[in-house]
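Visitor: What follows is the file start-v2.cif, containing mmCIF, C-alpha atoms:
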```cif
data_entry
#
loop_
_atom_site.label_atom_id
_atom_site.label_comp_id
_atom_site.auth_asym_id
_atom_site.auth_seq_id
_atom_site.Cartn_x
_atom_site.Cartn_y
_atom_site.Cartn_z
CA MET A 1 28.32 36.10 25.52
CA SER A 2 30.25 33.66 23.46
CA ALA A 3 27.38 33.51 21.00
CA SER A 4 27.99 37.07 19.89
CA THR A 5 31.61 36.30 19.14
CA GLU A 6 30.73 33.40 16.88
CA PRO A 7 30.79 34.07 13.19
CA SER A 8 27.39 35.32 12.12
CA PHE A 9 26.85 32.78 9.34
CA ARG A 10 26.63 29.96 11.88
CA GLY A 11 23.89 31.77 13.80
CA GLY A 12 22.06 32.32 10.55
CA ARG A 13 22.30 28.80 9.21
CA ARG A 14 21.72 26.79 12.33
CA PRO A 15 17.96 27.51 12.71
CA ALA A 16 17.42 26.62 9.06
CA LEU A 17 19.28 23.36 9.56
CA ILE A 18 17.34 22.58 12.76
CA TYR A 19 14.00 23.34 11.07
CA GLY A 20 15.08 21.20 8.19
CA ILE A 21 15.88 18.29 10.49
CA ILE A 22 12.63 18.75 12.45
CA GLY A 23 10.73 18.88 9.19
CA LEU A 24 12.39 15.70 8.00
CA VAL A 25 11.69 13.89 11.28
CA VAL A 26 8.02 14.97 11.17
CA ALA A 27 7.75 13.86 7.56
CA VAL A 28 9.28 10.47 8.40
CA LEU A 29 6.93 10.09 11.38
CA ILE A 30 3.85 10.94 9.32
CA PHE A 31 4.98 8.64 6.52
CA GLY A 32 5.85 5.85 8.98
CA ALA A 33 2.58 6.23 10.91
CA GLY A 34 0.63 6.15 7.65
CA GLY A 35 2.47 3.04 6.55
CA PHE A 36 1.93 1.38 9.92
CA LEU A 37 -1.76 2.24 9.90
CA TRP A 38 -2.05 0.92 6.37
CA LEU A 39 -0.26 -2.33 7.21
CA SER A 40 -2.11 -2.81 10.53
CA GLN A 41 -5.42 -2.56 8.69
CA GLY A 42 -4.25 -5.20 6.28
CA GLY A 43 -3.75 -2.57 3.63
CA SER A 44 -6.43 -0.99 1.55
CA ALA A 45 -7.67 -1.91 -1.89
CA SER A 46 -7.27 1.71 -2.87
CA PHE A 47 -3.52 1.49 -2.31
CA VAL A 48 -2.52 -1.86 -3.80
CA GLY A 49 -3.86 -3.87 -6.70
CA GLY A 50 -6.27 -3.14 -9.51
CA PRO A 51 -7.55 -4.43 -12.81
CA PHE A 52 -5.06 -6.04 -15.19
CA THR A 53 -5.01 -7.54 -18.63
CA LEU A 54 -2.09 -9.86 -19.27
CA VAL A 55 -1.13 -12.85 -21.46
CA ASP A 56 -0.79 -16.47 -20.36
CA GLY A 57 1.53 -19.23 -21.58
CA SER A 58 -0.60 -20.04 -24.62
CA GLY A 59 -0.80 -16.38 -25.64
CA SER A 60 -4.41 -15.96 -24.45
CA GLN A 61 -5.59 -12.82 -22.73
CA VAL A 62 -6.12 -13.08 -18.97
CA THR A 63 -7.72 -10.47 -16.73
CA ASP A 64 -8.07 -10.09 -12.97
CA ARG A 65 -11.83 -10.73 -13.36
CA ASP A 66 -11.10 -14.30 -14.48
CA PHE A 67 -10.12 -15.09 -10.88
CA ARG A 68 -13.11 -13.64 -9.00
CA GLY A 69 -14.26 -16.09 -6.34
CA LYS A 70 -10.68 -17.23 -5.78
CA TYR A 71 -7.79 -15.77 -3.86
CA MET A 72 -4.82 -14.67 -5.96
CA LEU A 73 -1.26 -14.88 -4.68
CA ILE A 74 0.82 -12.68 -6.98
CA TYR A 75 4.60 -12.49 -7.24
CA PHE A 76 6.52 -10.27 -9.65
CA GLY A 77 9.89 -11.46 -10.95
CA TYR A 78 11.68 -12.57 -14.13
CA THR A 79 12.64 -15.97 -15.49
CA LEU A 80 16.37 -15.25 -15.94
CA CYS A 81 16.61 -14.53 -12.21
CA PRO A 82 18.72 -17.44 -10.89
CA ASP A 83 18.50 -17.02 -7.13
CA VAL A 84 15.79 -14.89 -5.51
CA CYS A 85 12.84 -15.77 -7.80
CA PRO A 86 13.40 -19.57 -7.84
CA THR A 87 13.90 -19.52 -4.07
CA THR A 88 10.59 -17.72 -3.57
CA LEU A 89 8.73 -19.87 -6.12
CA ASN A 90 10.02 -23.08 -4.52
CA GLU A 91 8.85 -21.88 -1.11
CA MET A 92 5.53 -20.92 -2.72
CA ALA A 93 5.19 -24.41 -4.23
CA ASP A 94 6.00 -25.90 -0.82
CA ALA A 95 3.37 -23.66 0.84
CA LEU A 96 0.76 -24.84 -1.72
CA ASP A 97 1.53 -28.47 -0.89
CA ARG A 98 1.21 -27.75 2.83
CA LEU A 99 -2.13 -25.93 2.38
CA GLY A 100 -3.69 -29.12 1.01
CA SER A 101 -7.28 -28.65 -0.22
CA LYS A 102 -7.27 -25.01 0.89
CA ALA A 103 -4.91 -24.33 -2.00
CA ASP A 104 -7.78 -25.10 -4.41
CA ARG A 105 -9.23 -21.70 -3.47
CA LEU A 106 -5.96 -19.97 -4.32
CA GLN A 107 -4.50 -19.09 -7.73
CA PRO A 108 -0.75 -18.48 -7.48
CA ILE A 109 0.41 -16.11 -10.22
CA PHE A 110 3.90 -15.18 -11.41
CA VAL A 111 4.00 -11.91 -13.38
CA THR A 112 7.20 -11.11 -15.25
CA ILE A 113 8.65 -7.62 -15.07
CA ASP A 114 10.96 -8.52 -18.00
CA PRO A 115 8.43 -8.81 -20.84
CA ASP A 116 11.07 -8.23 -23.54
CA ARG A 117 12.70 -11.61 -22.82
CA ASP A 118 9.90 -13.45 -21.05
CA LEU A 119 7.62 -14.46 -23.89
CA PRO A 120 4.45 -16.47 -23.10
CA ASP A 121 6.03 -19.86 -23.77
CA VAL A 122 9.12 -19.06 -21.63
CA VAL A 123 7.03 -17.95 -18.65
CA LYS A 124 4.86 -21.07 -18.93
CA ARG A 125 7.80 -23.50 -18.99
CA TYR A 126 9.49 -21.58 -16.19
CA THR A 127 6.58 -21.63 -13.73
CA GLU A 128 5.74 -25.24 -14.53
CA ALA A 129 9.26 -26.21 -13.44
CA PHE A 130 8.26 -25.16 -9.91
CA SER A 131 4.62 -26.22 -9.76
CA PRO A 132 1.99 -26.80 -12.45
CA ARG A 133 -0.37 -24.81 -10.22
CA ILE A 134 1.55 -21.56 -10.64
CA LEU A 135 0.27 -19.49 -13.57
CA GLY A 136 2.92 -17.52 -15.43
CA LEU A 137 1.79 -14.25 -17.01
CA THR A 138 3.50 -11.77 -19.31
CA GLY A 139 2.25 -8.93 -21.49
CA SER A 140 3.20 -5.89 -23.47
CA GLU A 141 5.54 -3.37 -21.90
CA GLY A 142 2.54 -1.13 -21.24
CA GLN A 143 0.47 -3.91 -19.66
CA ILE A 144 3.33 -4.86 -17.33
CA ALA A 145 4.03 -1.23 -16.43
CA LYS A 146 0.35 -0.74 -15.54
CA VAL A 147 0.01 -3.81 -13.30
CA ALA A 148 3.35 -3.08 -11.64
CA GLN A 149 2.26 0.48 -10.88
CA GLU A 150 -1.03 -0.74 -9.42
CA TYR A 151 0.82 -3.14 -7.14
CA ARG A 152 3.46 -0.55 -6.25
CA VAL A 153 6.11 -2.82 -7.73
CA TYR A 154 9.45 -1.25 -8.55
CA TYR A 155 11.50 -2.71 -11.38
CA ALA A 156 14.50 -1.53 -13.35
CA LYS A 157 17.10 -2.97 -15.70
CA HIS A 158 20.63 -3.24 -14.37
CA ARG A 159 23.24 -3.44 -17.15
CA SER A 160 25.76 -6.27 -16.69
CA GLY A 161 27.56 -6.16 -20.04
CA PRO A 162 27.74 -4.54 -23.49
CA GLN A 163 25.24 -6.80 -25.32
CA PRO A 164 21.55 -5.83 -25.47
CA ASN A 165 20.62 -8.88 -23.40
CA ASP A 166 23.30 -8.29 -20.77
CA TYR A 167 21.11 -7.10 -17.96
CA THR A 168 19.50 -8.31 -14.76
CA MET A 169 16.41 -6.84 -13.15
CA ASP A 170 16.16 -5.10 -9.79
CA HIS A 171 12.63 -5.68 -8.56
CA SER A 172 10.34 -5.54 -5.52
CA SER A 173 10.24 -8.98 -3.95
CA VAL A 174 6.90 -9.26 -2.13
CA LEU A 175 3.91 -11.59 -2.45
CA TYR A 176 0.45 -10.03 -2.68
CA LEU A 177 -2.68 -11.81 -1.48
CA ILE A 178 -5.84 -10.63 -3.25
CA GLY A 179 -9.27 -11.67 -1.99
CA PRO A 180 -12.06 -13.43 -3.92
CA ASP A 181 -13.66 -9.97 -4.40
CA GLY A 182 -10.52 -8.71 -6.16
CA LYS A 183 -9.48 -6.53 -3.24
CA PHE A 184 -6.03 -6.52 -1.67
CA VAL A 185 -5.85 -8.57 1.54
CA ALA A 186 -2.21 -8.42 2.70
CA PRO A 187 1.41 -8.54 1.63
CA ILE A 188 3.44 -11.65 2.45
CA ARG A 189 7.20 -11.53 2.82
CA ALA A 190 9.05 -13.24 0.00
CA ASP A 191 11.82 -14.44 2.33
CA GLU A 192 9.51 -16.68 4.36
CA ASP A 193 9.87 -20.42 4.13
CA GLY A 194 7.05 -22.60 2.83
CA ALA A 195 5.79 -23.55 6.30
CA GLN A 196 5.53 -19.91 7.42
CA MET A 197 3.96 -18.88 4.10
CA ALA A 198 1.35 -21.65 4.42
CA ALA A 199 0.57 -20.61 8.00
CA ASP A 200 0.16 -16.95 6.93
CA LEU A 201 -2.09 -17.89 4.02
CA ALA A 202 -4.24 -20.19 6.15
CA LYS A 203 -4.72 -17.36 8.64
CA LEU A 204 -5.51 -14.74 5.98
CA MET A 205 -7.85 -16.88 3.85
CA SER A 206 -11.24 -16.94 5.58
CA MET B 1 82.70 -23.26 10.73
CA ARG B 2 82.07 -26.48 9.00
CA THR B 3 79.89 -27.84 11.83
CA MET B 4 77.89 -24.61 11.81
CA PHE B 5 77.28 -25.00 8.10
CA ARG B 6 76.22 -28.61 8.61
CA ARG B 7 73.84 -27.60 11.38
CA ALA B 8 72.34 -24.92 9.19
CA LEU B 9 71.96 -27.41 6.36
CA ARG B 10 70.30 -29.92 8.68
CA CYS B 11 67.92 -27.23 9.86
CA ALA B 12 67.13 -26.30 6.29
CA VAL B 13 66.46 -29.92 5.37
CA ILE B 14 63.99 -30.14 8.23
CA LEU B 15 62.39 -26.77 7.47
CA VAL B 16 61.88 -27.19 3.73
CA PRO B 17 58.97 -29.62 3.99
CA VAL B 18 57.48 -27.61 6.88
CA LEU B 19 57.55 -24.41 4.81
CA ALA B 20 56.27 -26.23 1.77
CA HIS B 21 53.36 -27.53 3.78
CA ALA B 22 52.55 -24.03 5.06
CA GLN B 23 52.29 -22.86 1.46
CA GLN B 24 50.12 -25.77 0.36
CA HIS B 25 46.84 -24.78 -1.23
CA ASP B 26 44.10 -27.19 -0.44
CA VAL B 27 40.54 -26.41 -1.42
CA LYS B 28 37.62 -28.79 -1.21
CA ILE B 29 34.07 -28.34 -2.47
CA GLU B 30 31.16 -29.86 -0.61
CA GLU B 31 27.35 -29.89 -0.78
CA ALA B 32 27.05 -28.66 -4.37
CA TRP B 33 23.42 -28.43 -5.45
CA SER B 34 21.22 -26.81 -8.05
CA ARG B 35 17.53 -26.42 -8.88
CA PRO B 36 15.38 -27.52 -11.81
CA ALA B 37 15.66 -25.05 -14.71
CA ILE B 38 14.62 -24.83 -18.35
CA GLN B 39 16.83 -25.13 -21.41
CA GLY B 40 17.94 -21.69 -22.58
CA GLY B 41 17.17 -20.29 -19.15
CA THR B 42 19.40 -19.62 -16.19
CA GLY B 43 20.40 -22.06 -13.51
CA VAL B 44 22.07 -21.75 -10.16
CA VAL B 45 24.72 -23.61 -8.18
CA TYR B 46 25.11 -23.40 -4.42
CA LEU B 47 28.05 -25.03 -2.63
CA THR B 48 30.50 -24.81 0.23
CA ILE B 49 34.19 -24.03 -0.30
CA ILE B 50 36.47 -25.44 2.39
CA ASP B 51 40.01 -24.10 2.46
CA THR B 52 42.31 -26.31 4.52
CA GLY B 53 45.51 -24.68 3.26
CA ALA B 54 46.77 -21.16 2.63
CA PRO B 55 44.49 -18.21 1.72
CA ASP B 56 43.10 -18.45 -1.79
CA ARG B 57 40.74 -16.74 -4.17
CA LEU B 58 38.06 -18.01 -6.55
CA VAL B 59 38.79 -16.32 -9.87
CA ALA B 60 36.84 -18.18 -12.57
CA LEU B 61 34.12 -20.74 -13.15
CA SER B 62 32.92 -23.07 -15.86
CA ALA B 63 30.16 -25.62 -16.32
CA PRO B 64 29.61 -27.61 -19.52
CA VAL B 65 25.81 -27.45 -19.07
CA ALA B 66 25.84 -23.67 -19.59
CA ALA B 67 27.26 -21.22 -22.12
CA LYS B 68 28.64 -19.16 -19.25
CA ALA B 69 29.02 -19.42 -15.48
CA ASP B 70 29.52 -16.36 -13.29
CA LEU B 71 29.70 -15.62 -9.61
CA HIS B 72 26.91 -13.35 -8.39
CA GLU B 73 25.63 -11.96 -5.15
CA SER B 74 21.96 -11.35 -4.40
CA PHE B 75 20.77 -9.00 -1.73
CA THR B 76 17.54 -7.24 -0.82
CA GLU B 77 17.53 -3.51 -0.14
CA GLN B 78 14.26 -2.07 1.22
CA GLY B 79 12.24 -4.85 -0.36
CA ILE B 80 14.00 -4.58 -3.73
CA ALA B 81 15.83 -7.74 -4.79
CA LYS B 82 19.09 -7.01 -6.60
CA MET B 83 21.88 -9.09 -8.08
CA ARG B 84 25.39 -8.02 -8.95
CA GLY B 85 28.39 -9.78 -10.50
CA VAL B 86 31.32 -10.60 -8.24
CA ALA B 87 34.76 -10.68 -9.91
CA THR B 88 36.63 -12.73 -7.30
CA LEU B 89 35.81 -14.33 -3.99
CA PRO B 90 38.56 -14.50 -1.34
CA VAL B 91 38.72 -17.60 0.85
CA ALA B 92 40.67 -17.22 4.09
CA ALA B 93 43.02 -19.97 5.29
CA GLY B 94 41.21 -22.67 7.19
CA SER B 95 37.82 -21.13 6.45
CA LYS B 96 34.52 -22.18 4.93
CA VAL B 97 32.62 -20.03 2.44
CA THR B 98 29.05 -21.06 1.70
CA LEU B 99 27.21 -20.04 -1.46
CA SER B 100 23.52 -20.20 -0.52
CA PRO B 101 20.08 -18.80 -1.51
CA GLY B 102 19.82 -15.04 -1.11
CA GLY B 103 23.60 -14.50 -1.14
CA TYR B 104 26.57 -15.64 -3.19
CA HIS B 105 25.70 -18.11 -5.95
CA ILE B 106 26.99 -19.35 -9.27
CA MET B 107 24.74 -18.25 -12.10
CA LEU B 108 24.58 -20.59 -15.09
CA MET B 109 23.61 -18.63 -18.20
CA ASP B 110 21.97 -19.97 -21.34
CA LEU B 111 21.58 -23.58 -20.24
CA LYS B 112 22.30 -26.06 -23.01
CA GLN B 113 20.00 -28.61 -21.45
CA PRO B 114 17.14 -28.57 -18.96
CA LEU B 115 18.10 -29.34 -15.36
CA ARG B 116 15.73 -31.89 -13.86
CA GLU B 117 15.35 -33.04 -10.30
CA GLY B 118 17.86 -35.83 -9.61
CA ASP B 119 20.21 -34.85 -12.48
CA SER B 120 23.85 -34.21 -11.72
CA PHE B 121 26.48 -32.24 -13.62
CA PRO B 122 30.05 -31.00 -13.08
CA VAL B 123 31.10 -27.46 -12.27
CA THR B 124 34.75 -26.39 -12.24
CA LEU B 125 36.04 -23.68 -9.95
CA ASN B 126 39.36 -22.04 -10.70
CA PHE B 127 41.29 -20.85 -7.67
CA GLU B 128 44.23 -18.46 -7.93
CA HIS B 129 46.57 -20.88 -6.10
CA ALA B 130 44.84 -24.25 -5.78
CA GLY B 131 43.98 -24.26 -9.48
CA LEU B 132 41.04 -26.15 -10.93
CA VAL B 133 38.68 -27.97 -8.57
CA THR B 134 35.72 -29.84 -10.02
CA ALA B 135 32.58 -30.67 -8.04
CA THR B 136 29.50 -32.71 -8.87
CA VAL B 137 26.28 -30.74 -8.58
CA THR B 138 22.97 -32.48 -7.81
CA VAL B 139 19.65 -30.95 -8.92
CA ARG B 140 17.15 -30.76 -6.06
CA ARG B 141 13.75 -29.21 -5.60
CA VAL B 142 14.33 -27.07 -2.54
CA GLY B 143 13.66 -23.51 -1.52
CA ARG B 144 15.66 -21.64 1.04
CA ALA B 145 17.02 -24.50 3.12
CA ALA B 146 20.12 -26.26 1.84
CA PRO B 147 19.59 -30.01 1.37
#
```
What does this structure look like when you write it as structure tokens?

Guide:
Amino acid sequence: MSASTEPSFRGGRRPALIYGIIGLVVAVLIFGAGGFLWLSQGGSASFVGGPFTLVDGSGSQVTDRDFRGKYMLIYFGYTLCPDVCPTTLNEMADALDRLGSKADRLQPIFVTIDPDRDLPDVVKRYTEAFSPRILGLTGSEGQIAKVAQEYRVYYAKHRSGPQPNDYTMDHSSVLYLIGPDGKFVAPIRADEDGAQMAADLAKLMS
Amino acid sequence: MRTMFRRALRCAVILVPVLAHAQQHDVKIEEAWSRPAIQGGTGVVYLTIIDTGAPDRLVALSAPVAAKADLHESFTEQGIAKMRGVATLPVAAGSKVTLSPGGYHIMLMDLKQPLREGDSFPVTLNFEHAGLVTATVTVRRVGRAAP
């Protein structure tokens, strides 16, 4: 009988709140199951990746079709990133060394998500400091936005001071393995060390 | 009365150096390393701060190889790598604070010279109490693992 003595607004709101929570849980479950299914199937080409046209270190146009027949290992970052990007690229360079001749079938690519500052020459010198095998690509703002969207890469400027150039970039930190047919194979964690990365690549590259 | 005063004085004489020692600020820097980087680009410094004295705080940085040196912290949130400036870094008494990949690091902005493997350069850390402490940084080609 205590229920009848409770203020009526509680009785009215509670079901809505419960339905809301149930709805949220169901949504999370569906989303999580979908994500799990997607990851367990090695992802689908329809979800990640797609055609791109970008610019290399000499200012020449480069497209995804230039790499057909080879695997592509793509990482998105920016050259003024002092910690996360160099750590990942060093581990990537280490993985390439460990892969030996298998690495000849793999084109590692660094795509900048800071095209305003990362001009072709800057990206080229930057990637070469890690490994001459890593190809640095930049492009127009539109070209970068398109490839980032295709790869589900998030990036945003974070202001660090009053000057126009006072900003760092928040960005997705994941490696993407693309097959010789241009289709997405699998994501690789960017926080793996070179040995683990090499083992993953060896397993994924048939 | 006089003997009491003398005793107190004797005690004080003994205690002064003890108290002085307790307030001593001793900070050492070890394992300072960096990575190859291009001129005009950004560089990084990782190191370990060892505080053998009283609590202290890192308040400023400088390195002649760069226009500016700042303390930053990197972290990854749901797959998104982020980096934020850190104004000061407290160091507890008798503790070790390690700046390492994926966490706290010194960011060298607008490098005046390229950093090549095997190079070394100085970096000066300014502590609130211990003052200036300079360390020699060695450039190494390593990923996540500290050399």

Visitor: Using all atoms listed in the file, I'd like every residue of chain B that has an atom within 10 Å of chain A; please write them out as an MDAnalysis selection string.

Guide: chainID B and resid 35:46 72:85 100:110 114:117 141:145

Visitor: Since we have the selection now, will you write its residues out, keeping C-alpha atoms, as an mmCIF file, in the coordinates of the input?

Guide:
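Once written, part-v2.cif looks like this:
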```cif
data_model
loop_
_atom_site.group_PDB
_atom_site.id
_atom_site.type_symbol
_atom_site.label_atom_id
_atom_site.label_comp_id
_atom_site.auth_asym_id
_atom_site.auth_seq_id
_atom_site.Cartn_x
_atom_site.Cartn_y
_atom_site.Cartn_z
ATOM 1 C CA ARG B 35 17.530 -26.420 -8.880
ATOM 2 C CA PRO B 36 15.380 -27.520 -11.810
ATOM 3 C CA ALA B 37 15.660 -25.050 -14.710
ATOM 4 C CA ILE B 38 14.620 -24.830 -18.350
ATOM 5 C CA GLN B 39 16.830 -25.130 -21.410
ATOM 6 C CA GLY B 40 17.940 -21.690 -22.580
ATOM 7 C CA GLY B 41 17.170 -20.290 -19.150
ATOM 8 C CA THR B 42 19.400 -19.620 -16.190
ATOM 9 C CA GLY B 43 20.400 -22.060 -13.510
ATOM 10 C CA VAL B 44 22.070 -21.750 -10.160
ATOM 11 C CA VAL B 45 24.720 -23.610 -8.180
ATOM 12 C CA TYR B 46 25.110 -23.400 -4.420
ATOM 13 C CA HIS B 72 26.910 -13.350 -8.390
ATOM 14 C CA GLU B 73 25.630 -11.960 -5.150
ATOM 15 C CA SER B 74 21.960 -11.350 -4.400
ATOM 16 C CA PHE B 75 20.770 -9.000 -1.730
ATOM 17 C CA THR B 76 17.540 -7.240 -0.820
ATOM 18 C CA GLU B 77 17.530 -3.510 -0.140
ATOM 19 C CA GLN B 78 14.260 -2.070 1.220
ATOM 20 C CA GLY B 79 12.240 -4.850 -0.360
ATOM 21 C CA ILE B 80 14.000 -4.580 -3.730
ATOM 22 C CA ALA B 81 15.830 -7.740 -4.790
ATOM 23 C CA LYS B 82 19.090 -7.010 -6.600
ATOM 24 C CA MET B 83 21.880 -9.090 -8.080
ATOM 25 C CA ARG B 84 25.390 -8.020 -8.950
ATOM 26 C CA GLY B 85 28.390 -9.780 -10.500
ATOM 27 C CA SER B 100 23.520 -20.200 -0.520
ATOM 28 C CA PRO B 101 20.080 -18.800 -1.510
ATOM 29 C CA GLY B 102 19.820 -15.040 -1.110
ATOM 30 C CA GLY B 103 23.600 -14.500 -1.140
ATOM 31 C CA TYR B 104 26.570 -15.640 -3.190
ATOM 32 C CA HIS B 105 25.700 -18.110 -5.950
ATOM 33 C CA ILE B 106 26.990 -19.350 -9.270
ATOM 34 C CA MET B 107 24.740 -18.250 -12.100
ATOM 35 C CA LEU B 108 24.580 -20.590 -15.090
ATOM 36 C CA MET B 109 23.610 -18.630 -18.200
ATOM 37 C CA ASP B 110 21.970 -19.970 -21.340
ATOM 38 C CA PRO B 114 17.140 -28.570 -18.960
ATOM 39 C CA LEU B 115 18.100 -29.340 -15.360
ATOM 40 C CA ARG B 116 15.730 -31.890 -13.860
ATOM 41 C CA GLU B 117 15.350 -33.040 -10.300
ATOM 42 C CA ARG B 141 13.750 -29.210 -5.600
ATOM 43 C CA VAL B 142 14.330 -27.070 -2.540
ATOM 44 C CA GLY B 143 13.660 -23.510 -1.520
ATOM 45 C CA ARG B 144 15.660 -21.640 1.040
ATOM 46 C CA ALA B 145 17.020 -24.500 3.120
#
```

Visitor: Enter the distance from atom CA of A:Val123 to atom CA of A:Leu204, in Å, rounded to one decimal.

Guide: 27.8 Å

Visitor: Return the padded bounding box of stretch 25-44 of chain B as AutoDock Vina command-line options: axis-aligned, built from all atoms listed in the file, 8 Å added on each side, with centre and edge lengths in Å to one decimal.

Guide:
```
--center_x 30.7 --center_y -24.8 --center_z -11.5 --size_x 48.2 --size_y 26.3 --size_z 38.1
```

Visitor: Please check which residues have atoms at most 6 Å from (31.1, -25.8, -1.8) in the file's coordinates, counting all atoms listed in the file, and write them as an mmCIF file with C-alpha atoms, in the coordinates of the input.

Guide:
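Saved file result.cif follows:
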```
data_model
loop_
_atom_site.group_PDB
_atom_site.id
_atom_site.type_symbol
_atom_site.label_atom_id
_atom_site.label_comp_id
_atom_site.auth_asym_id
_atom_site.auth_seq_id
_atom_site.Cartn_x
_atom_site.Cartn_y
_atom_site.Cartn_z
ATOM 1 C CA ILE B 29 34.070 -28.340 -2.470
ATOM 2 C CA GLU B 30 31.160 -29.860 -0.610
ATOM 3 C CA GLU B 31 27.350 -29.890 -0.780
ATOM 4 C CA ALA B 32 27.050 -28.660 -4.370
ATOM 5 C CA LEU B 47 28.050 -25.030 -2.630
ATOM 6 C CA THR B 48 30.500 -24.810 0.230
ATOM 7 C CA ILE B 49 34.190 -24.030 -0.300
#
```

Visitor: How far is it from atom CA of A:Pro180 to atom CA of A:Ile144, in Å with one decimal?

Guide: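 Between atom CA of A:Pro180 and atom CA of A:Ile144 the gap works out to 22.1 Å.
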
Visitor: Which one is closest to A:Tyr167: A:Asp114, A:Asp121, A:Asp181, A:Glu141? Count all atoms listed in the file.

Guide: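 Checking each candidate against A:Tyr167, we get A:Asp114 as the closest.
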
Visitor: Please report the interatomic distance between atom CA of B:Leu99 and atom CA of B:Val86 in Å with one decimal.

Guide: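 Pair atom CA of B:Leu99 / atom CA of B:Val86 returns 12.3 Å.
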
Visitor: Find the residues near A:Asp66: any atom within 12 Å, counting only C-alpha atoms, skip ones fewer than 5 places away on the same chain, and give them as number ranges by chain.

Guide: A: 51-54, 61, 71-72, 107, 180-182

Visitor: I want to know what sits within 10 Å of B:Ser95, based on only C-alpha atoms, with residues of the same chain fewer than 6 positions away left out; could you give that as a PyMOL selection string?

Guide: chain B and resi 27+49-55

Visitor: Just checking: using only C-alpha atoms, which residue out of B:His25, B:Lys68, B:Arg7, B:Ala63 ends up closest to B:Ala135?

Guide: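 Smallest distance to B:Ala135 is found for B:Ala63.
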
Visitor: Could you tell me, as a list of chain:residue names, which residues have any atom at most 8 Å from (-13.4, -13.0, 3.2), counting only C-alpha atoms?

Guide: A:Gly179, A:Pro180, A:Met205, A:Ser206

Visitor: I'd like the residues picked by the PyMOL selection byres ((chain B and resi 132) around 12) written out as a tab-separated table (two decimals) with C-alpha atoms, in the coordinates of the input, using the chain letters and numbers from the file.

Guide:
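What landed in result.tsv:
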```tsv
chain	number	residue	atom	x	y	z
B	25	HIS	CA	46.84	-24.78	-1.23
B	26	ASP	CA	44.10	-27.19	-0.44
B	27	VAL	CA	40.54	-26.41	-1.42
B	28	LYS	CA	37.62	-28.79	-1.21
B	29	ILE	CA	34.07	-28.34	-2.47
B	57	ARG	CA	40.74	-16.74	-4.17
B	58	LEU	CA	38.06	-18.01	-6.55
B	59	VAL	CA	38.79	-16.32	-9.87
B	60	ALA	CA	36.84	-18.18	-12.57
B	61	LEU	CA	34.12	-20.74	-13.15
B	62	SER	CA	32.92	-23.07	-15.86
B	123	VAL	CA	31.10	-27.46	-12.27
B	124	THR	CA	34.75	-26.39	-12.24
B	125	LEU	CA	36.04	-23.68	-9.95
B	126	ASN	CA	39.36	-22.04	-10.70
B	127	PHE	CA	41.29	-20.85	-7.67
B	128	GLU	CA	44.23	-18.46	-7.93
B	129	HIS	CA	46.57	-20.88	-6.10
B	130	ALA	CA	44.84	-24.25	-5.78
B	131	GLY	CA	43.98	-24.26	-9.48
B	133	VAL	CA	38.68	-27.97	-8.57
B	134	THR	CA	35.72	-29.84	-10.02
B	135	ALA	CA	32.58	-30.67	-8.04
```
